[in-house]
Amino acid sequence: MRAITVKDRDAGVGGLALTELPQPHAAENDVIVRVHAAGFTPGELTWPATWTDRAGRDRTPSVPGHELSGVVTGLGYGTTGLTVGQRVFGLADWARDGTLAEYTAVEARNLAPLPADVDHVTAAALPVSGLTAWQGLFDHGRLTTGQTVLIHGAAGGVGSVAVQLAREAGARVVGTGRAADREFAHGLGVDAFMDLQAERLEDIGEVDLVFDVIGGEILDRSTALVRPGGTLVTIAHPVTVHPADGRAVFFVVEPDRARLADLAARVRDGRLRPVVGAVRPLTEAIAAFTPDKRTPGRTIIRVAED
């Protein structure tokens with residue numbers, strides 16, 4: 001099969017290559033998926049799990065990408081709940097070969113059935129963004145109706161989903177980003193938008209929840225905006241500056257089959273729209289790691305036609 005692989009940690013994106021690999025084997029409780037569309041995170045080439053397995057052993061050449069939508073073609077011993085020929089989508093394990101390949105092996109529990117009327121490209125944009133947004137807002141941030149949430153990177157893959165989920169939950173939403181993102185963010189449903197390059201973050205005022213995807217100085221300055229009893233949630237890096245009278249949470253998204261099914265139902269009902277910024281074939285996946293222009297939403301790699 002064709003796959004994008006990486007084996008030189010120091011080379012970064014320059015170490016990516018389109019290669020031929022043997023098709024994966026289905027271990028116990030695995031399924032083999034014929035990948036139709038895949039998502040990736042450019043920063044994953046810096047993640048330790050891209051280079052080593054759970055025991056710390058080198059696992060290169062490894063296949064990046066961890067979101068997928070496709071069709072089950074094989075079942076491992078003991079696998080239940082899914083069948084050959086079934087359309088599925090989900091989140092591949094961080095420490096195993098990923099989804100920028102024609103076939104991949106995934107634990108069955110990390111996948112959810114994909115409704116027939118949701119296309120593979122849309123589904124591939126949903127697992128990381130959808131699960132991260134939900135877990136950040138509700139599992140860790142405890143957002144409720146009537147509260148105010150500040151969402152950094154409102155036009156990005158995670159931020160755009162978070163805006164939509166927060167609005168549906170009845171929260172007041174303040175989004176941040178660049179000036180060019182303002183109209184797009186308002187189209188998603190933000191009540192207010194702040195250009196971080198031209199406006200003062202401190203002018204936002206107190207909020208119940210900060211949901212951060214940026215980190216660094218923006219994360220540190222955002223702690224002062226959390227009102228007493230509020231929460232700061234980030235996926236960027238562990239928190240070093242905490243709110244004076246509130247909580248601070250750093251988390252890494254976790255697979256959740258039931259929540260994936262719920263998110264897919266929201267897409268079917270028109271209540272949620274994952275934002276796909278660009279769709280490129282597998283042969284252009286390497287270039288997609290360093291795009292020549294910035295677009296809102298996720299870049300999705302189309303591996304096979306529906």
# chains A, B, ... in the order shown; residues from 1 in each chain; ligands from 1
call {"tool": "residues_around", "arguments": {"residues": "segment 236-240 of chain A", "least_positions_apart": "3", "cutoff": "9 Å", "atoms": "only C-alpha atoms", "output": "list in words"}}
result
Asp212, Val213, Ile214, Gly215, Gly216, Leu219, Asp220, Val233, Ala248, Val249, Phe250 and Phe251 of chain A
call {"tool": "write_last_selection", "arguments": {"atoms": "N, CA and C atoms", "output": "compact mmCIF listing (two decimals), in the first residue's frame"}}
result
# COMPACT_ATOMS: atom_id res chain seq x y z
N ASP A 212 -8.23 27.57 25.32
CA ASP A 212 -7.04 28.02 24.61
C ASP A 212 -6.45 26.92 23.75
N VAL A 213 -6.07 27.28 22.51
CA VAL A 213 -5.37 26.36 21.62
C VAL A 213 -4.03 26.93 21.17
N ILE A 214 -3.64 28.08 21.74
CA ILE A 214 -2.46 28.81 21.27
C ILE A 214 -1.27 28.63 22.19
N GLY A 215 -1.48 28.80 23.49
CA GLY A 215 -0.40 28.69 24.46
C GLY A 215 0.45 29.94 24.54
N GLY A 216 1.61 29.83 25.19
CA GLY A 216 2.55 30.94 25.28
C GLY A 216 2.01 32.14 26.02
N LEU A 219 -1.83 32.45 26.47
CA LEU A 219 -2.34 31.61 27.56
C LEU A 219 -2.07 32.27 28.91
N ASP A 220 -0.85 32.74 29.13
CA ASP A 220 -0.51 33.35 30.41
C ASP A 220 -1.37 34.58 30.70
N VAL A 233 -8.86 26.29 30.28
CA VAL A 233 -8.56 24.99 29.69
C VAL A 233 -7.67 25.21 28.48
N ALA A 248 -7.23 25.55 36.42
CA ALA A 248 -6.50 25.51 35.17
C ALA A 248 -6.30 24.05 34.79
N VAL A 249 -6.62 23.71 33.54
CA VAL A 249 -6.58 22.32 33.07
C VAL A 249 -5.85 22.24 31.74
N PHE A 250 -4.85 21.37 31.66
CA PHE A 250 -4.23 21.00 30.39
C PHE A 250 -4.64 19.56 30.10
N PHE A 251 -5.07 19.28 28.87
CA PHE A 251 -5.49 17.91 28.57
C PHE A 251 -5.12 17.54 27.14
call {"tool": "select_by_dssp", "arguments": {"residues": "segment 37-251 of chain A", "states": "helix (DSSP H, G or I)", "output": "NGL selection string"}}
result
:A and (42-46 or 48-50 or 108-110 or 120-124 or 127-140 or 157-168 or 179-188 or 201-204 or 216-225)
call {"tool": "closest_residue", "arguments": {"among": "A:Val252, A:Leu225, A:Ser69, A:Phe40", "to": "Glu202 of chain A", "atoms": "only C-alpha atoms"}}
result
A:Leu225
call {"tool": "residues_around", "arguments": {"residues": "segment 124-131 of chain A", "least_positions_apart": "5", "cutoff": "10 Å", "atoms": "only C-alpha atoms", "output": "compact mmCIF listing (two decimals) with C-alpha atoms, in the first residue's frame"}}
result
# COMPACT_ATOMS: atom_id res chain seq x y z
CA VAL A 35 -8.89 4.86 4.47
CA HIS A 36 -10.97 7.18 2.30
CA ALA A 37 -10.05 10.46 4.02
CA ALA A 38 -7.56 11.35 6.75
CA GLY A 39 -6.71 14.27 8.98
CA PHE A 40 -3.39 15.25 10.53
CA THR A 41 -1.85 17.82 12.87
CA HIS A 66 -4.59 10.16 13.40
CA GLU A 67 -8.05 11.01 12.06
CA LEU A 68 -9.74 8.81 9.51
CA SER A 69 -12.92 7.93 7.75
CA GLY A 70 -13.23 4.80 5.68
CA VAL A 88 -16.55 4.10 10.15
CA PHE A 89 -14.65 7.14 11.37
CA GLY A 90 -12.57 7.87 14.41
CA LEU A 91 -9.26 8.52 16.09
CA ALA A 92 -6.22 6.28 15.65
CA ASN A 110 -11.75 4.12 18.83
CA LEU A 111 -14.14 4.02 15.88
CA ALA A 112 -17.81 4.87 15.47
CA ASP A 119 -19.30 12.03 3.51
CA GLY A 136 -12.50 21.05 26.63
CA LEU A 137 -15.81 22.88 26.92
CA GLY A 156 -9.32 26.99 13.45
CA GLY A 157 -10.31 23.35 13.34
CA VAL A 158 -10.88 22.97 17.09
CA GLY A 159 -11.99 26.55 17.71
CA SER A 160 -14.64 26.56 14.98
CA VAL A 161 -16.28 23.44 16.40
CA ALA A 162 -16.03 24.80 19.94
CA LEU A 165 -21.03 23.68 20.43
CA VAL A 253 -7.94 14.51 23.65
CA GLU A 254 -9.12 10.95 24.27
CA PRO A 255 -11.06 8.59 21.99
CA ASP A 256 -14.78 8.30 22.78
CA ARG A 257 -17.01 6.18 20.51
CA ARG A 259 -19.33 11.04 21.69
CA LEU A 260 -18.20 10.49 18.09
CA LEU A 263 -21.14 14.47 16.93
CA ALA A 264 -21.97 12.63 13.70
CA VAL A 267 -23.61 16.89 11.58
CA LEU A 272 -22.67 21.17 13.54
CA ARG A 273 -20.47 21.93 10.56
CA PRO A 274 -16.83 20.82 10.71
CA VAL A 275 -14.84 23.37 8.74
CA VAL A 276 -12.73 21.86 5.96
CA GLY A 277 -10.20 24.37 4.71
CA GLY A 297 -10.52 24.92 9.33
CA ARG A 298 -8.82 21.57 8.77
CA THR A 299 -6.84 20.31 5.80
CA ILE A 300 -8.05 16.84 4.86
CA ILE A 301 -6.20 14.28 2.77
CA ARG A 302 -8.39 12.33 0.34
call {"tool": "residues_around", "arguments": {"residues": "segment 103-106 of chain A", "least_positions_apart": "2", "cutoff": "6 Å", "atoms": "only C-alpha atoms", "output": "ChimeraX atom specification"}}
result
/A:26,30-35,92,101
call {"tool": "write_last_selection", "arguments": {"atoms": "C-alpha atoms", "output": "mmCIF file, in the first residue's frame"}}
result
data_model
loop_
_atom_site.group_PDB
_atom_site.id
_atom_site.type_symbol
_atom_site.label_atom_id
_atom_site.label_comp_id
_atom_site.auth_asym_id
_atom_site.auth_seq_id
_atom_site.Cartn_x
_atom_site.Cartn_y
_atom_site.Cartn_z
ATOM 1 C CA ALA A 26 -5.111 -6.703 12.642
ATOM 2 C CA ASP A 30 -8.360 -4.283 15.945
ATOM 3 C CA VAL A 31 -10.019 -3.558 12.652
ATOM 4 C CA ILE A 32 -8.354 -2.848 9.320
ATOM 5 C CA VAL A 33 -9.796 0.228 7.643
ATOM 6 C CA ARG A 34 -9.506 1.149 3.978
ATOM 7 C CA VAL A 35 -8.889 4.858 4.469
ATOM 8 C CA ALA A 92 -6.225 6.280 15.655
ATOM 9 C CA ALA A 101 -2.015 5.517 4.283
#
call {"tool": "select_by_dssp", "arguments": {"residues": "segment 13-254 of chain A", "states": "strand (DSSP E or B)", "output": "MDAnalysis selection string"}}
result
chainID A and resid 16:20 30:39 52 58 62 67:75 87:91 101 103:107 111:113 148:151 172:177 192:195 207:212 226:234 247:250
call {"tool": "closest_residue", "arguments": {"among": "A:Leu45, A:Asp292, A:Ala265, A:Arg142", "to": "Gly230 of chain A", "atoms": "only C-alpha atoms"}}
result
A:Arg142
call {"tool": "residues_around", "arguments": {"residues": "Ser62 of chain A", "least_positions_apart": "6", "cutoff": "8 Å", "atoms": "only C-alpha atoms", "output": "number ranges by chain"}}
result
A: 5-7, 50-51, 96-98
call {"tool": "residues_around", "arguments": {"residues": "Asn29 of chain A", "least_positions_apart": "3", "cutoff": "7 Å", "atoms": "only C-alpha atoms", "output": "PDB file with N, CA, C and O atoms, in the first residue's frame"}}
result
ATOM      1  N   GLY A  76      -9.754  -8.158  13.618  1.00  0.00           N
ATOM      2  CA  GLY A  76      -8.837  -8.935  14.424  1.00  0.00           C
ATOM      3  C   GLY A  76      -9.589  -9.881  15.348  1.00  0.00           C
ATOM      4  O   GLY A  76     -10.807  -9.779  15.535  1.00  0.00           O
ATOM      5  N   TYR A  77      -8.846 -10.775  15.969  1.00  0.00           N
ATOM      6  CA  TYR A  77      -9.455 -11.742  16.894  1.00  0.00           C
ATOM      7  C   TYR A  77     -10.155 -11.008  18.038  1.00  0.00           C
ATOM      8  O   TYR A  77      -9.598 -10.085  18.637  1.00  0.00           O
ATOM      9  N   GLY A  78     -11.379 -11.398  18.336  1.00  0.00           N
ATOM     10  CA  GLY A  78     -12.115 -10.839  19.458  1.00  0.00           C
ATOM     11  C   GLY A  78     -12.802  -9.511  19.177  1.00  0.00           C
ATOM     12  O   GLY A  78     -13.440  -8.955  20.067  1.00  0.00           O
ATOM     13  N   THR A  79     -12.684  -9.020  17.960  1.00  0.00           N
ATOM     14  CA  THR A  79     -13.293  -7.723  17.657  1.00  0.00           C
ATOM     15  C   THR A  79     -14.804  -7.853  17.564  1.00  0.00           C
ATOM     16  O   THR A  79     -15.323  -8.733  16.869  1.00  0.00           O
ATOM     17  N   GLU A 107      -7.802   0.260  16.864  1.00  0.00           N
ATOM     18  CA  GLU A 107      -8.611  -0.414  17.875  1.00  0.00           C
ATOM     19  C   GLU A 107     -10.082  -0.138  17.608  1.00  0.00           C
ATOM     20  O   GLU A 107     -10.479   1.016  17.391  1.00  0.00           O
ATOM     21  N   ALA A 108     -10.892  -1.173  17.645  1.00  0.00           N
ATOM     22  CA  ALA A 108     -12.306  -1.029  17.307  1.00  0.00           C
ATOM     23  C   ALA A 108     -13.004  -0.010  18.205  1.00  0.00           C
ATOM     24  O   ALA A 108     -13.883   0.735  17.754  1.00  0.00           O
TER      25      ALA A 108
END
call {"tool": "residues_around", "arguments": {"residues": "Asp117 of chain A", "least_positions_apart": "2", "cutoff": "12 Å", "atoms": "only C-alpha atoms", "output": "list in words"}}
result
Arg87, Pro113, Leu114, Pro115, Asp119, His120, Val121, Thr122, Ala123, Ala264, Ala265, Val267, Arg268, Asp269, Gly270 and Asp306 of chain A
call {"tool": "closest_residue", "arguments": {"among": "A:Met1, A:Val84, A:Ala55, A:Val163", "to": "Pro24 of chain A", "atoms": "only C-alpha atoms"}}
result
A:Met1
